[in-house]
Protein chains: 4
Amino acid sequence: MYPKTIQKLIDLFSKFPTVGPRTASRFVFYLLKLSNEEVEELLDSISNLKKTVKTCSFCFNHFESSASQLAGGKDERNLCSICQDVSRDKTLLCIIEKETDLISIEKIKKYKGLYFILGGTISTFKKADIKKLRINELENKIKNQPEIKEIILALNSTTEGQATVLYLERLLKPYNKKITRLGQGLPVGGELEYADEETLSSALEGRK
Amino acid sequence: MYPKTIQKLIDLFSKFPTVGPRTASRFVFYLLKLSNEEVEELLDSISNLKKTVKTCSFCFNHFESSASQLAGGKDERNLCSICQDVSRDKTLLCIIEKETDLISIEKIKKYKGLYFILGGTISTFKKADIKKLRINELENKIKNQPEIKEIILALNSTTEGQATVLYLERLLKPYNKKITRLGQGLPVGGELEYADEETLSSALEGRK
Amino acid sequence: MYPKTIQKLIDLFSKFPTVGPRTASRFVFYLLKLSNEEVEELLDSISNLKKTVKTCSFCFNHFESSASQLAGGKDERNLCSICQDVSRDKTLLCIIEKETDLISIEKIKKYKGLYFILGGTISTFKKADIKKLRINELENKIKNQPEIKEIILALNSTTEGQATVLYLERLLKPYNKKITRLGQGLPVGGELEYADEETLSSALEGRK
Amino acid sequence: MYPKTIQKLIDLFSKFPTVGPRTASRFVFYLLKLSNEEVEELLDSISNLKKTVKTCSFCFNHFESSASQLAGGKDERNLCSICQDVSRDKTLLCIIEKETDLISIEKIKKYKGLYFILGGTISTFKKADIKKLRINELENKIKNQPEIKEIILALNSTTEGQATVLYLERLLKPYNKKITRLGQGLPVGGELEYADEETLSSALEGRK
């Protein structure tokens with residue numbers, strides 16, 4: 001229905017997470033209303049993303065290369081600010097699914113340890129599924145950092161999150177570290193009447 | 001708009017929890033379609049409610065008087081089956097807001113102690129508010145049952161529930177019992193990305 | 001889980017339209033909190049429903065028998081106030097699914113004709129389905145009232161409503177009356193972007 | 001919380017219609033996962049949008065310049081394919097709010113006339129509001145095309161849409177064309193019980 005160029009961009013936007021064709025076309029008409037300067041600003045910003053954002057080789061968090069790094073500065077290991085921070089507690093490793101989870105935990109300002117971004121979750125234990133996770137990198141990290149004492153599996157309480165927890169518990173057992181899961185219970189605003197049995201059971205068990 | 005008798009019943013049904021005029025009129029037309037026998041059955045059932053259901057004098061749970069009790073049998077203290085059950089753990093007292101919460105906890109089959117139904121929650125500490133709770137009855141119960149060692153405040157994680165928890169903690173301090181709250185954390189199905197800071201903080205703290 | 005009497009009433013309330021077990025139990029606990037007088041008021045109101053509400057023999061609307069009628073007054077044909085109203089336009093007959101639809105149309109104060117409550121809708125043309133509608137009564141009415149010139153099929157625009165319209169159009173064809181359907185189009189608040197093709201097509205066709 | 005480059009792009013995406021910070025950050029992490037080729041494809045597509053998409057000088061629809069037009073071909077009036085189509089009915093002019101509404105109407109394949117995209121709607125009749133609409137262009141179009149006989153105001157049935165309809169009816173009166181509005185009524189799937197009075201009134205009036 002739309003001219004070819006417009007349809008092409010609608011198709012590309014439709015691949016964005018949570019975006020369907022209707023929203024994608026809204027994006028395109030929004031861009032058509034922007035001035036050339038505003039469109040340039042967007043193009044530059046997307047372009048810069050690929051040029052200046054690197055992935056931390058320790059935790060796989062994203063970070064921005066400083067000018068010195070771009071110019072081949074001393075630190076070539078590509079470490080993000082958290083992994084470079086010597087005041088962080090190296091005995092704690094918090095495994096999360098994705099970067100937004102790292103942000104969520106950093107926000108509460110209670111966790112002082114280090115992180116590892118798994119890159120996904122699994123719903124089965126098939127090879128195809130497990131490939132989605134950074135398993136090798138995780139095992140290497142644990143081998144290369146004997147100071148780690150506790151591994152916190154901070155994954156969602158969803159079916160996939162919990163399947164991933166089970167898989168990781170099994171995988172990491174040989175390393176003899178203390179392995180913990182996030183506490184389950186009533187969330188803020190939660191009501192007993194609507195809590196499922198497992199949540200309520202955990203809430204009762206975890207009382208203090 | 002409706003004939004007087006119909007409108008009267010619509011008005012009465014509209015006072016039922018969660019029922020508005022539209023649903024109330026659906027109820028009335030539903031009743032008009034029932035046979036006389038079915039309506040009689042409903043009338044009898046409502047009538048019986050008032051005649052045979054008593055309130056437990058210990059926990060304020062509802063229970064059904066057995067024939068012997070109705071006929072002035074031995075047990076005149078009006079105790080529900082839970083409070084009469086000698087195998088229950090008398091050292092644990094679980095305070096809940098309403099009967100459906102008692103049912104929710106009983107369902108998980110993990111709690112072996114006794115209960116006390118508070119009858120409501122408060123949002124302020126004003127006298128008018130506090131009158132809604134069975135405070136006197138609660139204090140009497142604790143005085144008359146020295147075997148109580150732990151009081152679990154199993155109230156909702158809502159603002160009112162938590163305000164009520166604060167009030168009860170202050171009120172019950174002099175009694176020198178161990179006072180606990182339900183554990184907070186990620187509920188089943190919960191995701192880190194959408195968890196508020198307090199829930200996530202509790203989940204992290206309560207890890208095991 | 002609940003005492004027998006309570007559970008019995010929860011089961012009866014669960015049969016009410018839109019009511020599930022959770023809401024039904026809320027109703028029961030609401031009733032347990034009412035005074036004996038308030039419960040009596042409800043019982044009387046439900047009781048009266050069956051005693052004083054009659055069904056109009058012309059349109060099958062519900063109406064309240066006046067004292068004179070109860071005492072065997074002159075009007076024994078059981079006619080509601082609309083069917084008794086000589087100022088109504090006898091040439092118009094509006095067929096609706098249920099009483100609340102009659103109320104909806106009366107509210108807009110634009111329709112001056114008479115009504116007929118079909119009692120349901122069908123989704124197939126099988127005998128079992130058609131039995132749900134007052135077909136015989138409808139055909140008798142049309143035969144006995146030759147002054148009817150237009151029959152308005154005021155049924156919902158749902159699949160069942162429209163299937164019922166198709167069935168009635170076929171059924172009533174032999175009577176040689178003008179048969180009309182409600183106009184379809186954009187509802188108040190409707191947006192072109194979200195309107196389906198049929199609605200938009202009707203809206204365009206029905207422009208004025 | 002995020003590195004500067006990431007935060008900048010999150011802020012730009014947050015200005016997209018229906019996009020908030022959470023969704024914007026999902027977009028950024030989605031882009032970070034794409035290959036350089038895929039990002040290039042997106043950048044090119046956005047870039048092309050501005051270069052090849054023109055606005056029709058008759059109806060303000062968007063269309064793609066063909067190669068000949070880009071090279072300064074004969075047709076320099078910038079007309080979209082609909083306005084260039086001689087088989088369209090020039091006596092009909094359909095005024096719509098935005099391009100997606102044109103697409104909605106074209107989809108039903110019933111309308112054979114021409115269009116005019118107003119560019120917005122108003123909620124008041126203040127100058128600041130009216131400036132949002134292409135009023136001058138609309139009036140010029142009507143003056144320059146005397147073959148127009150009917151102007152269809154195909155705007156949403158929302159408050160703003162209808163305010164705009166009122167404004168346009170007043171504005172266009174002097175031109176002595178037939179001015180029509182889209183038919184209102186029950187939408188597909190609509191139920192009498194939930195239809196507001198105005199919709200039901202239109203549905204009754206517009207019966208056929």
# chains A, B, ... in the order shown; residues from 1 in each chain; ligands from 1
>>> interface_residues(of="chain A", to="chain C", cutoff="10 Å", atoms="only C-alpha atoms", output="tab-separated table (two decimals) with N, CA, C and O atoms, in the first residue's frame")
chain	number	residue	atom	x	y	z
A	22	ARG	N	1.67	-1.38	12.49
A	22	ARG	CA	0.97	-0.11	12.73
A	22	ARG	C	1.89	0.88	13.41
A	22	ARG	O	2.00	2.05	13.00
A	193	GLU	N	-4.48	-12.76	48.71
A	193	GLU	CA	-5.61	-13.36	48.01
A	193	GLU	C	-5.25	-13.74	46.58
A	193	GLU	O	-5.79	-14.69	46.02
A	194	TYR	N	-4.34	-12.97	45.96
A	194	TYR	CA	-4.02	-13.21	44.56
A	194	TYR	C	-2.66	-13.86	44.35
A	194	TYR	O	-2.27	-14.13	43.23
>>> select_by_dssp(residues="region 15-92 of chain B", states="alpha helix (DSSP H)", output="PyMOL selection string")
chain B and resi 21-33+36-52+67-70+81-84
>>> residues_around(residues="region 96-108 of chain B", least_positions_apart="6", cutoff="6 Å", atoms="only C-alpha atoms", output="MDAnalysis selection string")
(chainID A and resid 192:193 197) or (chainID B and resid 117:120 154:155)
>>> atom_distance(atom1="CA of Ile179 (chain B)", atom2="CA of Tyr2 (chain C)")
28.7 Å
>>> residues_around(residues="Val39 (chain C)", least_positions_apart="2", cutoff="12 Å", atoms="only C-alpha atoms", output="PyMOL selection string")
(chain B and resi 12-13+43-51) or (chain C and resi 28+30-37+41-46)
>>> residues_around(residues="Ile142 (chain D)", least_positions_apart="6", cutoff="12 Å", atoms="only C-alpha atoms", output="compact mmCIF listing (two decimals) with N, CA and C atoms, in the first residue's frame")
# COMPACT_ATOMS: atom_id res chain seq x y z
N PHE D 58 -1.27 18.25 -4.28
CA PHE D 58 -2.73 18.33 -4.30
C PHE D 58 -3.33 17.86 -2.98
N CYS D 59 -2.89 16.67 -2.55
CA CYS D 59 -3.57 16.07 -1.39
C CYS D 59 -2.66 15.94 -0.18
N LYS D 90 -13.42 13.04 -9.84
CA LYS D 90 -13.01 14.38 -9.40
C LYS D 90 -14.09 15.17 -8.68
N THR D 91 -15.32 14.63 -8.69
CA THR D 91 -16.39 15.40 -8.03
C THR D 91 -16.43 15.12 -6.53
N LEU D 92 -15.69 14.11 -6.11
CA LEU D 92 -15.69 13.76 -4.69
C LEU D 92 -14.35 14.11 -4.05
N LEU D 93 -14.40 14.83 -2.92
CA LEU D 93 -13.18 15.13 -2.18
C LEU D 93 -13.36 14.64 -0.75
N CYS D 94 -12.47 13.72 -0.34
CA CYS D 94 -12.58 13.15 1.00
C CYS D 94 -11.50 13.76 1.89
N ILE D 95 -11.92 14.51 2.92
CA ILE D 95 -10.94 15.15 3.81
C ILE D 95 -10.66 14.22 4.98
N LEU D 114 -11.19 11.73 -4.77
CA LEU D 114 -9.87 12.22 -4.40
C LEU D 114 -9.82 12.51 -2.90
N TYR D 115 -8.61 12.85 -2.41
CA TYR D 115 -8.41 13.06 -0.98
C TYR D 115 -7.79 14.41 -0.70
N PHE D 116 -7.84 14.79 0.58
CA PHE D 116 -7.04 15.92 1.07
C PHE D 116 -6.68 15.62 2.52
N ILE D 135 -5.41 24.72 6.29
CA ILE D 135 -6.66 25.39 5.90
C ILE D 135 -6.50 26.15 4.58
N ASN D 136 -5.43 26.95 4.45
CA ASN D 136 -5.21 27.70 3.21
C ASN D 136 -5.17 26.78 2.01
N ILE D 148 -15.49 19.80 -8.07
CA ILE D 148 -15.85 19.15 -6.80
C ILE D 148 -17.31 19.42 -6.48
N LYS D 149 -18.10 18.33 -6.25
CA LYS D 149 -19.51 18.49 -5.90
C LYS D 149 -19.77 18.13 -4.45
N GLU D 150 -19.06 17.10 -3.93
CA GLU D 150 -19.30 16.67 -2.55
C GLU D 150 -18.00 16.60 -1.78
N ILE D 151 -18.02 17.15 -0.55
CA ILE D 151 -16.86 17.09 0.33
C ILE D 151 -17.22 16.19 1.51
N LEU D 171 -16.48 26.55 7.91
CA LEU D 171 -15.50 27.16 7.01
C LEU D 171 -15.90 26.98 5.55
N LEU D 172 -16.43 25.78 5.23
CA LEU D 172 -16.65 25.45 3.82
C LEU D 172 -18.05 25.80 3.32
N LYS D 173 -18.92 26.29 4.22
CA LYS D 173 -20.30 26.61 3.83
C LYS D 173 -20.35 27.52 2.61
N PRO D 174 -19.58 28.61 2.61
CA PRO D 174 -19.66 29.57 1.49
C PRO D 174 -19.39 28.95 0.12
N TYR D 175 -18.78 27.80 0.07
CA TYR D 175 -18.40 27.25 -1.23
C TYR D 175 -19.54 26.50 -1.92
N ASN D 176 -20.66 26.35 -1.17
CA ASN D 176 -21.87 25.74 -1.75
C ASN D 176 -21.69 24.35 -2.33
N LYS D 177 -20.86 23.54 -1.65
CA LYS D 177 -20.75 22.15 -2.05
C LYS D 177 -21.60 21.32 -1.10
>>> select_by_dssp(residues="region 39-154 of chain B", states="strand (DSSP E)", output="ChimeraX atom specification")
/B:53-55,62-64,89-96,113-117,150-153
>>> atom_distance(atom1="CA of Asp129 (chain C)", atom2="CA of His62 (chain C)")
23.4 Å
>>> residues_around(residues="Pro3 (chain A)", least_positions_apart="3", cutoff="6 Å", atoms="only C-alpha atoms", output="list in words")
Ile6 of chain A; Phe63 and Glu64 of chain D
